[in-house]
Every structure is written in C-alpha cells, then in structure tokens.
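Coordinates as given in input00.txt (compact mmCIF, C-alpha atoms and all ligand atoms):
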```txt
# COMPACT_ATOMS: atom_id res chain seq x y z
CA MET A 102 0.00 0.00 0.00
CA LEU A 103 2.70 2.37 1.06
CA LYS A 104 4.80 1.39 -1.92
CA LYS A 105 1.90 1.99 -4.27
CA MET A 106 1.28 5.44 -2.86
CA SER A 107 4.86 6.50 -3.27
CA MET A 108 4.85 5.18 -6.83
CA ASN A 109 1.79 7.26 -7.53
CA ALA A 110 3.41 10.23 -5.87
CA ASN A 111 6.43 9.71 -8.07
CA LEU A 112 4.30 9.50 -11.16
CA LEU A 113 2.51 12.61 -10.08
CA SER A 114 5.69 14.52 -9.59
CA VAL A 115 6.96 13.39 -13.02
CA ALA A 116 3.67 14.52 -14.53
CA SER A 117 3.71 17.87 -12.77
CA ALA A 118 7.33 18.45 -13.69
CA GLY A 119 6.28 17.91 -17.31
CA ALA A 120 3.39 20.31 -16.95
CA LEU A 121 5.64 22.87 -15.31
CA ALA A 122 8.17 22.52 -18.11
CA LEU A 123 5.41 23.07 -20.64
CA MET A 124 4.11 26.06 -18.72
CA SER A 125 7.51 27.64 -18.53
CA VAL A 126 8.00 27.17 -22.29
CA SER A 127 4.74 28.94 -23.01
CA ALA A 128 5.34 31.58 -20.34
CA HIS A 129 8.77 32.07 -21.80
CA ALA A 130 7.91 32.66 -25.41
CA GLU A 131 4.52 34.02 -26.22
CA GLU A 132 4.15 34.45 -29.96
CA TRP A 133 2.46 37.73 -30.72
CA ARG A 134 0.93 37.65 -34.18
CA GLY A 135 1.23 41.03 -35.85
CA TRP A 136 -0.87 42.13 -38.82
CA ASN A 137 0.60 44.21 -41.63
CA ILE A 138 -0.92 44.85 -45.04
CA HIS A 139 2.31 45.83 -46.79
CA PRO A 140 5.04 43.77 -48.49
CA GLU A 141 8.72 43.40 -47.64
CA GLY A 142 10.71 46.55 -48.22
CA TYR A 143 7.78 48.93 -47.55
CA PRO A 144 8.69 51.55 -44.90
CA ASN A 145 6.07 50.23 -42.44
CA THR A 146 7.22 46.64 -42.88
CA GLU A 147 10.83 47.53 -42.14
CA ALA A 148 9.83 49.46 -39.03
CA LEU A 149 7.50 46.71 -37.81
CA GLU A 150 10.15 44.03 -38.31
CA SER A 151 12.54 46.13 -36.29
CA PHE A 152 9.89 46.58 -33.55
CA ALA A 153 9.37 42.79 -33.45
CA ASP A 154 13.09 42.05 -33.20
CA LYS A 155 13.79 44.64 -30.52
CA VAL A 156 10.85 43.59 -28.35
CA ALA A 157 11.90 39.92 -28.54
CA GLU A 158 15.47 40.84 -27.70
CA ARG A 159 14.73 43.23 -24.84
CA THR A 160 12.09 41.00 -23.19
CA GLU A 161 14.55 38.10 -23.52
CA GLY A 162 11.96 36.12 -25.40
CA ARG A 163 9.06 36.65 -22.97
CA ILE A 164 7.27 38.22 -25.93
CA GLU A 165 8.04 37.06 -29.43
CA PRO A 166 6.29 39.29 -31.95
CA LYS A 167 6.06 37.79 -35.42
CA MET A 168 4.99 39.90 -38.36
CA TYR A 169 2.54 38.50 -40.89
CA ASN A 170 2.97 40.84 -43.84
CA ASN A 171 1.05 41.31 -47.11
CA GLY A 172 -2.30 41.15 -45.33
CA VAL A 173 -2.10 37.34 -45.17
CA LEU A 174 -4.09 37.33 -41.91
CA GLY A 175 -7.11 38.98 -43.55
CA ASP A 176 -8.23 42.35 -44.81
CA GLN A 177 -8.00 45.41 -42.61
CA PRO A 178 -11.52 45.63 -41.13
CA ASP A 179 -11.32 41.94 -40.13
CA ALA A 180 -7.84 42.35 -38.70
CA ILE A 181 -8.97 45.29 -36.56
CA GLU A 182 -11.74 43.10 -35.11
CA GLN A 183 -9.28 40.28 -34.49
CA ALA A 184 -6.98 42.62 -32.62
CA ARG A 185 -9.89 43.94 -30.55
CA SER A 186 -10.73 40.40 -29.46
CA GLY A 187 -7.10 39.46 -28.81
CA ALA A 188 -7.05 36.81 -31.58
CA LEU A 189 -4.30 38.97 -33.06
CA ALA A 190 -1.81 40.57 -30.69
CA PHE A 191 -1.20 43.74 -32.66
CA GLY A 192 -1.29 45.45 -36.01
CA ASN A 193 -0.38 48.54 -37.99
CA PHE A 194 -3.80 50.03 -38.65
CA ASN A 195 -4.85 52.97 -40.76
CA MET A 196 -7.38 55.29 -39.11
CA GLY A 197 -9.58 55.17 -42.25
CA PRO A 198 -11.01 51.68 -41.78
CA MET A 199 -10.90 52.33 -38.02
CA GLY A 200 -13.66 54.94 -38.35
CA PRO A 201 -16.64 52.54 -38.47
CA ILE A 202 -15.38 50.94 -35.24
CA VAL A 203 -14.07 53.90 -33.22
CA ASN A 204 -16.26 56.83 -34.20
CA GLU A 205 -13.91 59.57 -32.95
CA THR A 206 -11.26 58.45 -35.44
CA ASN A 207 -13.58 59.45 -38.30
CA VAL A 208 -12.42 62.99 -37.65
CA LEU A 209 -9.07 61.93 -39.14
CA SER A 210 -10.81 60.97 -42.38
CA LEU A 211 -12.22 64.43 -43.04
CA PRO A 212 -10.64 65.54 -46.33
CA PHE A 213 -8.06 68.33 -46.12
CA LEU A 214 -8.17 68.31 -42.30
CA PHE A 215 -4.39 68.33 -42.01
CA SER A 216 -2.44 70.86 -44.01
CA SER A 217 0.78 68.79 -44.03
CA ARG A 218 2.43 65.70 -42.61
CA GLU A 219 4.08 67.93 -39.98
CA HIS A 220 0.68 69.23 -38.91
CA MET A 221 -0.54 65.64 -38.54
CA HIS A 222 2.53 64.67 -36.49
CA ASP A 223 2.14 67.68 -34.18
CA VAL A 224 -1.47 66.78 -33.52
CA MET A 225 -1.00 63.04 -33.07
CA ASP A 226 2.13 63.30 -30.92
CA GLY A 227 0.45 65.77 -28.55
CA ASP A 228 -2.61 65.89 -26.29
CA ILE A 229 -5.06 65.44 -29.15
CA GLY A 230 -3.35 62.19 -30.13
CA ARG A 231 -3.93 61.07 -26.54
CA ARG A 232 -7.66 61.71 -26.99
CA PHE A 233 -7.73 59.39 -30.00
CA ALA A 234 -5.72 56.79 -28.09
CA ASP A 235 -8.26 56.93 -25.24
CA ALA A 236 -11.12 56.40 -27.68
CA LEU A 237 -9.29 53.42 -29.20
CA GLU A 238 -8.62 51.95 -25.78
CA GLU A 239 -12.32 51.99 -25.00
CA LYS A 240 -12.65 49.65 -27.98
CA ASN A 241 -9.86 47.39 -26.70
CA LEU A 242 -6.98 48.71 -28.77
CA VAL A 243 -3.92 50.30 -27.19
CA ALA A 244 -2.37 52.78 -29.65
CA LEU A 245 1.30 53.15 -28.80
CA SER A 246 2.65 55.27 -31.63
CA TRP A 247 1.66 56.91 -34.88
CA PHE A 248 3.06 56.14 -38.31
CA ASP A 249 3.05 58.37 -41.34
CA SER A 250 1.08 57.49 -44.42
CA GLY A 251 1.83 60.57 -46.47
CA ALA A 252 -0.92 62.20 -48.47
CA ARG A 253 -3.42 60.24 -50.53
CA SER A 254 -4.14 61.39 -54.07
CA LEU A 255 -6.50 60.23 -56.81
CA TYR A 256 -5.35 58.02 -59.67
CA ASN A 257 -7.22 56.51 -62.57
CA THR A 258 -6.95 54.72 -65.87
CA ASP A 259 -8.57 57.43 -67.98
CA ARG A 260 -7.44 61.04 -67.52
CA PRO A 261 -5.61 63.55 -65.36
CA VAL A 262 -7.77 65.08 -62.65
CA GLU A 263 -7.11 68.80 -62.65
CA GLU A 264 -10.36 70.13 -61.31
CA PRO A 265 -13.31 68.60 -59.46
CA SER A 266 -15.38 68.12 -62.62
CA ASP A 267 -12.74 65.71 -63.94
CA VAL A 268 -13.85 63.18 -61.35
CA GLU A 269 -17.40 63.11 -62.68
CA GLY A 270 -18.52 59.62 -63.61
CA LEU A 271 -15.30 57.88 -62.55
CA LYS A 272 -15.72 54.73 -60.51
CA ILE A 273 -13.27 55.12 -57.65
CA ARG A 274 -12.34 52.49 -55.08
CA VAL A 275 -12.30 53.77 -51.50
CA MET A 276 -11.40 52.22 -48.16
CA ASN A 277 -14.16 50.88 -45.98
CA ASN A 278 -15.67 54.06 -44.50
CA ASP A 279 -18.85 55.91 -45.51
CA LEU A 280 -17.05 59.23 -45.26
CA TYR A 281 -15.01 58.31 -48.34
CA VAL A 282 -18.18 57.43 -50.23
CA ASP A 283 -19.50 60.89 -49.38
CA MET A 284 -16.17 62.43 -50.40
CA ILE A 285 -16.19 60.87 -53.89
CA GLU A 286 -19.89 61.51 -54.38
CA ALA A 287 -19.36 65.18 -53.52
CA LEU A 288 -17.12 65.22 -56.62
CA ASP A 289 -19.81 63.46 -58.69
CA GLY A 290 -17.76 60.27 -58.91
CA ASN A 291 -19.01 56.77 -58.06
CA ALA A 292 -17.43 55.37 -54.91
CA THR A 293 -16.82 51.65 -54.50
CA PRO A 294 -15.63 50.47 -51.07
CA MET A 295 -13.35 47.48 -51.64
CA ALA A 296 -10.58 45.56 -49.87
CA TYR A 297 -7.09 46.72 -50.77
CA GLY A 298 -6.10 43.30 -52.11
CA GLU A 299 -8.83 43.40 -54.77
CA VAL A 300 -7.96 46.77 -56.26
CA TYR A 301 -5.26 45.69 -58.72
CA GLN A 302 -7.44 43.15 -60.49
CA SER A 303 -10.42 45.50 -60.47
CA LEU A 304 -8.41 48.26 -62.09
CA LYS A 305 -7.04 45.84 -64.64
CA THR A 306 -10.40 44.46 -65.65
CA GLY A 307 -12.14 47.84 -65.61
CA VAL A 308 -14.44 47.02 -62.69
CA ILE A 309 -13.23 50.36 -61.33
CA ASP A 310 -11.58 53.33 -63.06
CA GLY A 311 -9.39 54.45 -60.23
CA ALA A 312 -8.53 54.62 -56.56
CA GLU A 313 -6.63 56.89 -54.21
CA ASN A 314 -3.48 56.35 -52.21
CA ASN A 315 0.01 57.60 -51.34
CA PHE A 316 3.02 56.95 -53.60
CA PRO A 317 4.49 53.98 -51.65
CA SER A 318 1.19 52.09 -51.79
CA PHE A 319 0.47 53.07 -55.40
CA GLU A 320 3.85 51.62 -56.27
CA SER A 321 4.11 48.54 -54.02
CA SER A 322 0.60 47.35 -54.91
CA ASN A 323 1.50 47.62 -58.62
CA HIS A 324 -1.58 49.74 -59.26
CA TYR A 325 0.67 52.05 -61.27
CA GLU A 326 1.09 49.33 -63.89
CA VAL A 327 -2.59 49.57 -64.78
CA SER A 328 -3.47 53.13 -63.81
CA LYS A 329 -1.43 55.77 -65.58
CA TYR A 330 -2.82 59.07 -64.28
CA TYR A 331 -1.85 60.18 -60.79
CA SER A 332 -3.18 63.58 -59.75
CA LEU A 333 -1.78 65.33 -56.69
CA THR A 334 -5.07 66.10 -54.96
CA GLU A 335 -3.51 65.21 -51.57
CA HIS A 336 -6.97 65.15 -50.08
CA LEU A 337 -6.29 62.87 -47.11
CA ILE A 338 -3.42 62.71 -44.63
CA ILE A 339 -4.32 59.82 -42.36
CA PRO A 340 -2.27 58.61 -39.40
CA GLU A 341 -1.73 54.92 -38.71
CA CYS A 342 -1.09 53.28 -35.34
CA ILE A 343 0.82 50.46 -33.87
CA CYS A 344 -2.11 49.12 -31.90
CA ILE A 345 -1.87 46.29 -29.37
CA ALA A 346 -4.79 44.11 -28.28
CA LYS A 347 -5.81 45.45 -24.87
CA SER A 348 -5.99 41.94 -23.38
CA LYS A 349 -2.35 41.35 -24.37
CA TRP A 350 -1.29 44.75 -23.09
CA ASP A 351 -3.00 44.26 -19.73
CA SER A 352 -1.30 40.91 -19.26
CA LEU A 353 2.18 42.48 -19.40
CA SER A 354 4.32 43.44 -16.43
CA ASP A 355 5.11 47.16 -16.02
CA GLU A 356 8.62 46.47 -17.23
CA ASP A 357 7.44 44.75 -20.41
CA GLN A 358 4.86 47.49 -21.06
CA ASP A 359 7.67 50.05 -20.91
CA ILE A 360 9.74 48.03 -23.38
CA VAL A 361 6.87 47.58 -25.83
CA ARG A 362 5.92 51.26 -25.65
CA GLU A 363 9.51 52.47 -26.13
CA GLU A 364 10.02 50.19 -29.09
CA ALA A 365 6.73 51.23 -30.68
CA LEU A 366 7.83 54.86 -30.44
CA ALA A 367 11.25 54.01 -31.86
CA ALA A 368 9.57 52.13 -34.72
CA ALA A 369 7.42 55.17 -35.55
CA GLU A 370 10.51 57.36 -35.63
CA LEU A 371 12.20 54.94 -38.00
CA GLN A 372 9.07 54.58 -40.13
CA ARG A 373 8.78 58.35 -40.58
CA GLU A 374 12.39 58.56 -41.74
CA LEU A 375 11.97 55.66 -44.13
CA TRP A 376 8.72 57.18 -45.35
CA THR A 377 10.38 60.33 -46.60
CA GLU A 378 12.94 58.41 -48.66
CA GLY A 379 10.47 55.69 -49.68
CA SER A 380 7.93 58.17 -51.05
CA GLU A 381 10.54 59.79 -53.27
CA GLU A 382 11.74 56.42 -54.53
CA SER A 383 8.21 55.22 -55.25
CA ARG A 384 7.38 58.41 -57.10
CA GLN A 385 10.46 57.92 -59.25
CA ILE A 386 9.60 54.29 -60.01
CA VAL A 387 6.09 55.11 -61.19
CA GLU A 388 7.25 58.09 -63.20
CA ASP A 389 9.92 55.99 -64.90
CA ASP A 390 7.21 53.50 -65.78
CA GLY A 391 5.25 56.17 -67.63
CA VAL A 392 2.73 57.35 -65.05
CA GLU A 393 1.66 60.90 -65.77
CA ILE A 394 1.72 62.87 -62.52
CA ASN A 395 -0.05 66.19 -62.47
CA GLU A 396 -0.25 69.00 -59.92
CA VAL A 397 -3.71 70.23 -59.05
CA LYS A 398 -3.47 73.96 -59.50
CA ASP A 399 -6.50 75.01 -57.52
CA LYS A 400 -6.82 72.74 -54.50
CA SER A 401 -9.31 75.09 -52.89
CA ALA A 402 -11.85 74.08 -55.57
CA PHE A 403 -11.65 70.51 -54.22
CA GLN A 404 -11.74 71.77 -50.65
CA GLU A 405 -14.91 73.75 -51.28
CA LYS A 406 -16.60 70.64 -52.65
CA MET A 407 -15.93 68.95 -49.31
CA GLN A 408 -18.00 71.46 -47.31
CA PRO A 409 -21.18 69.32 -47.44
CA VAL A 410 -19.15 66.32 -46.20
CA TYR A 411 -18.04 68.35 -43.16
CA ASP A 412 -21.52 69.77 -42.61
CA GLN A 413 -23.16 66.38 -42.62
CA PHE A 414 -20.49 64.84 -40.41
CA LEU A 415 -20.75 67.60 -37.81
CA GLU A 416 -24.51 67.52 -37.89
CA GLU A 417 -24.37 63.79 -37.10
CA ASN A 418 -21.54 64.20 -34.56
CA PRO A 419 -21.94 67.56 -32.82
CA ASP A 420 -19.79 66.30 -29.93
CA LEU A 421 -16.79 66.02 -32.28
CA GLU A 422 -16.91 69.62 -33.48
CA SER A 423 -14.39 70.85 -30.91
CA LEU A 424 -12.00 68.03 -31.81
CA VAL A 425 -12.11 69.12 -35.45
CA SER A 426 -11.51 72.77 -34.60
CA ASP A 427 -8.75 71.93 -32.10
CA ILE A 428 -6.95 70.08 -34.90
CA GLN A 429 -7.47 72.92 -37.34
CA ASP A 430 -6.11 75.34 -34.74
CA THR A 431 -2.94 73.29 -34.14
CA ILE A 432 -0.59 74.76 -36.67
C1 LIG B 501 -2.44 52.24 -47.42
C2 LIG B 501 -2.50 52.01 -45.93
C3 LIG B 501 -3.13 50.67 -45.66
C4 LIG B 501 -4.46 50.55 -46.36
C5 LIG B 501 -4.37 50.93 -47.82
C6 LIG B 501 -5.74 50.95 -48.50
O1 LIG B 501 -1.89 53.50 -47.69
O2 LIG B 501 -1.20 52.04 -45.39
O3 LIG B 501 -3.27 50.47 -44.28
O4 LIG B 501 -5.37 51.37 -45.69
O5 LIG B 501 -3.75 52.18 -47.97
O6 LIG B 501 -5.95 51.79 -49.35
O7 LIG B 501 -6.57 50.10 -48.18
```

As structure tokens, the full file:
Amino acid sequence: MLKKMSMNANLLSVASAGALALMSVSAHAEEWRGWNIHPEGYPNTEALESFADKVAERTEGRIEPKMYNNGVLGDQPDAIEQARSGALAFGNFNMGPMGPIVNETNVLSLPFLFSSREHMHDVMDGDIGRRFADALEEKNLVALSWFDSGARSLYNTDRPVEEPSDVEGLKIRVMNNDLYVDMIEALDGNATPMAYGEVYQSLKTGVIDGAENNFPSFESSNHYEVSKYYSLTEHLIIPECICIAKSKWDSLSDEDQDIVREEALAAAELQRELWTEGSEESRQIVEDDGVEINEVKDKSAFQEKMQPVYDQFLEENPDLESLVSDIQDTI
C-alpha cells in the first residue's frame, strides 16, 4: 500500500514536472501575431520588423512578436476586429477603416483636415493624439505610436484630374468608410468600397476606373502598372497606429509594457524617416514607368466641394466639433 502510494506520488511529480516545463515554455515565449498589409521593403514593414526584433530581444523572449505581412491574416476591417478580441496581438492600422469601429477616429478621415504631414505629427504626438488613443482603448486597442502614411491622391486609368469636374462619372475604389463614399460623391464620382487586395485586379479588368493612395502604396501594390494618371489632390493625410490588443497589453508586467511602448515609439521614428525616402523612390519608379503625374493647381476648388461632407459629419456628430476645430487650430 505504502509502496503503491509512493509510486503514484512519483508518477505525479513526473507529470507535474512535465506540466511545469510546458508552462515555462509557453510563459517564456509568447508568440504575438502582428498584422501588416504591406510587403517586404515597404517603410512600415521595415519598421514593424525592427519593432518585433527589438521587443523579442529586450524581453529576452518573454514576448516574441512575429509579423505576418502582405495582409495574409485577412483584410484590414477583419484584422482590426481580431486585434480587438485578442485573436491577433497587434497590427499597424490605418485610421480610415478604423472609423466605423471607433467613431472619434472618423475625424481623421475628413478631407483636407491636415495641411501637411508635420501638422498631422504635431497633432498626433500631442494631447489630441492622446484623446484618439483613449477612444481606441475603449474599444480594446492600445495605440502606442503613430506612423506616417503621407498624403493620398487620386489616380485613374482614364485622364488627369485637374479640377473637381474631372472626377465626374469615374468609378473610384475607396477604403471601408462611408465618409469616403460621401467624399467621392461630392465630386460626382461613383465610390466603391473594396478591400485593398482586390484593387489591382479591379483596375485591370475595368471594374473600377481608379482609386486613391500615397506613392508607396500606389507603387508597391502595382496599381501604377494599370493606372497611368496620378493627380496630386492630396486630399487625405491619415495617421496609422501600432495598436496592441488590450488583453495582451493588460497581461504584461510594467517592465514589459515600458519596453513595448519604447520600441513602438522608436519604430514610428524609424518609419517616418523611411517614409520620406520611400515616397521619393516610389514616385520615381512610377514616373519611370510612364505614369503621368499632375499638380492640381487650384486645390481650394476641391476643398470647397468637401464642405457638405463636413456639414453632414458635424450635424451627425456635434460632440466632435471641438476636436475638429482643435486640430485645425494646431498649426
Ligand atoms: C495604405 C495604408 C493601408 C491601407 C491601404 C488601402 O496606404 O497604409 O493600411 O489602408 O492604404 O488603401 O486600403
């Protein structure tokens, strides 16, 4: 009897040693799946890879972020939901598709809100950026730093856009946000919300006539191969976050939170530097390939067309009016 008990006790201790070993492996290296829509070599991808490496190194493997690039984990609206639920640990999200989920962030999708990238950085790096981060956190996303995404301009397969009437009748792909539908309709174009990954084929087959994006995305997505008119409307300057799933963030020690936050800020600094060079390079690549790039002489004509978009938005969201004017006043 005694012998049997001690055998059982031995077995038990072997079993619990095994369980402990397993636990310490998982406690040691928690893979953090990170969503990124862009390919290798894109400024964001480089910065995110560096973030992942530094976090793994500085937490001595307690957190092991792994980037899944090229949108392989799903399109952006799905990925945002996955990060909110903790199924994904983090992602680099654009505030455009964030709007339908975190209403305050729609402010950042108002056309011509920011006058320059510098204006956007000043706003997002200061107290107003904190207000957006608080709104995101209420929806279970912890925004740690803000990436650049340049200025988005219109491109199409048919003609240069020099004035608002040139958009009339063009079928333009937009990101998933009703504000962009209103924006294109205010120019008498037809807006088609569509996932980023479907745009190339749709341009090629004529399902759409055009889209809008910054130079690095226009180039890396190969849209420039099938869309030869790029017009510098620069109508949207939209920040992007490194956003962590709140459940993951809350599970970290103070020390690991500090590391993750510091590295997210360092990644944003790197991304902004790479962005400046990358945009120039991308512009050169598309120009060399025969894309006709035109300046828009009178941007205020486009801006005026956006007045109804602002009016409607503020009528529906009177509580966000001060946020809009605070941003406009930050120059
Ligand atoms: C890019 C942005 C992506 C995605 C894409 C799009 O500029 O970085 O996050 O929003 O545009 O048009 O869908």

Which residue of A:Asn171, A:Ser352, A:Ser246, A:Asn277 approaches Leu371 of chain A most closely, using only C-alpha atoms:
A:Ser246

Go through A:Ile360, A:Ala190, A:Ile394, A:Ala153 one by one, measure the shortest atom-to-atom distance of each to Asn241 of chain A using only C-alpha atoms, and give the residue with the smallest value.
A:Ala190

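Distances to Glu182 of chain A were evaluated for A:Arg362, A:Val268, A:Ile345, A:Gln302 using all atoms listed in the file, and the minimum falls at A:Ile345.
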
Please return as a VMD selection string the residues found within 6 Å of ligand LIG 501 (chain B), counting all atoms listed in the file.
chain A and resid 194 to 195 250 276 297 314 to 315 318

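Atom pair atom CA of Phe248 of chain A / atom CA of Leu214 of chain A has a distance of 17.0 Å (rounded to one decimal).
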
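Using all atoms listed in the file for every distance, the candidate list A:Gln408, A:Ser321, A:Gln372, A:Ser383 yields A:Gln372 as the residue closest to Asp249 of chain A.
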
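Nearest residue to Glu370 of chain A, choosing from A:Glu238, A:Glu147, A:Glu141, A:Asp357 and counting all atoms listed in the file: A:Glu147.
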
Could you tell me how far atom CA of His324 of chain A sits from atom CA of Glu382 of chain A, in Å to one decimal place?
15.6 Å

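Here atom CA of Gly311 of chain A and atom CA of Gln385 of chain A stand 20.2 Å from one another.
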
Using only C-alpha atoms, can you tell me which of A:Thr306, A:Asn207, A:Asn291, A:Ser354 comes closest to Glu422 of chain A?
A:Asn207

Write out as a list of chain:residue names the residues lying within 10 Å of Lys155 of chain A, counting all atoms listed in the file and excluding same-chain residues fewer than 6 positions away.
A:Leu149, A:Glu161, A:Glu165, A:Pro166, A:Ile360, A:Val361, A:Glu363, A:Glu364, A:Ala365, A:Ala367, A:Ala368

Find the residues around Tyr281 of chain A up to 12 Å (all atoms listed in the file counted), leave out those fewer than 2 positions away in its own chain, and share them as a PyMOL selection string.
chain A and resi 197-198+200-201+207-212+253+273-279+283-288+290-295+312-313+336-337+407+410-411+414

Dump C-alpha atoms for the selected residues as a compact mmCIF listing (two decimals), in the coordinates of the input?
```txt
# COMPACT_ATOMS: atom_id res chain seq x y z
CA GLY A 197 -9.58 55.17 -42.25
CA PRO A 198 -11.01 51.68 -41.78
CA GLY A 200 -13.66 54.94 -38.35
CA PRO A 201 -16.64 52.54 -38.47
CA ASN A 207 -13.58 59.45 -38.30
CA VAL A 208 -12.42 62.99 -37.65
CA LEU A 209 -9.07 61.93 -39.14
CA SER A 210 -10.81 60.97 -42.38
CA LEU A 211 -12.22 64.43 -43.04
CA PRO A 212 -10.64 65.54 -46.33
CA ARG A 253 -3.42 60.24 -50.53
CA ILE A 273 -13.27 55.12 -57.65
CA ARG A 274 -12.34 52.49 -55.08
CA VAL A 275 -12.30 53.77 -51.50
CA MET A 276 -11.40 52.22 -48.16
CA ASN A 277 -14.16 50.88 -45.98
CA ASN A 278 -15.67 54.06 -44.50
CA ASP A 279 -18.85 55.91 -45.51
CA ASP A 283 -19.50 60.89 -49.38
CA MET A 284 -16.17 62.43 -50.40
CA ILE A 285 -16.19 60.87 -53.89
CA GLU A 286 -19.89 61.51 -54.38
CA ALA A 287 -19.36 65.18 -53.52
CA LEU A 288 -17.12 65.22 -56.62
CA GLY A 290 -17.76 60.27 -58.91
CA ASN A 291 -19.01 56.77 -58.06
CA ALA A 292 -17.43 55.37 -54.91
CA THR A 293 -16.82 51.65 -54.50
CA PRO A 294 -15.63 50.47 -51.07
CA MET A 295 -13.35 47.48 -51.64
CA ALA A 312 -8.53 54.62 -56.56
CA GLU A 313 -6.63 56.89 -54.21
CA HIS A 336 -6.97 65.15 -50.08
CA LEU A 337 -6.29 62.87 -47.11
CA MET A 407 -15.93 68.95 -49.31
CA VAL A 410 -19.15 66.32 -46.20
CA TYR A 411 -18.04 68.35 -43.16
CA PHE A 414 -20.49 64.84 -40.41
```

As AutoDock Vina command-line options, what would the box around segment 206-217 of chain A look like: edges along x, y and z, 5 Å added on every side, centre and edge lengths in Å to one decimal?
```
--center_x -6.4 --center_y 64.7 --center_z -40.9 --size_x 24.4 --size_y 22.4 --size_z 20.9
```

Leu174 of chain A: which residues within 10 Å, counting all atoms listed in the file, same-chain residues fewer than 3 positions away excluded, as a count of residues only?
13
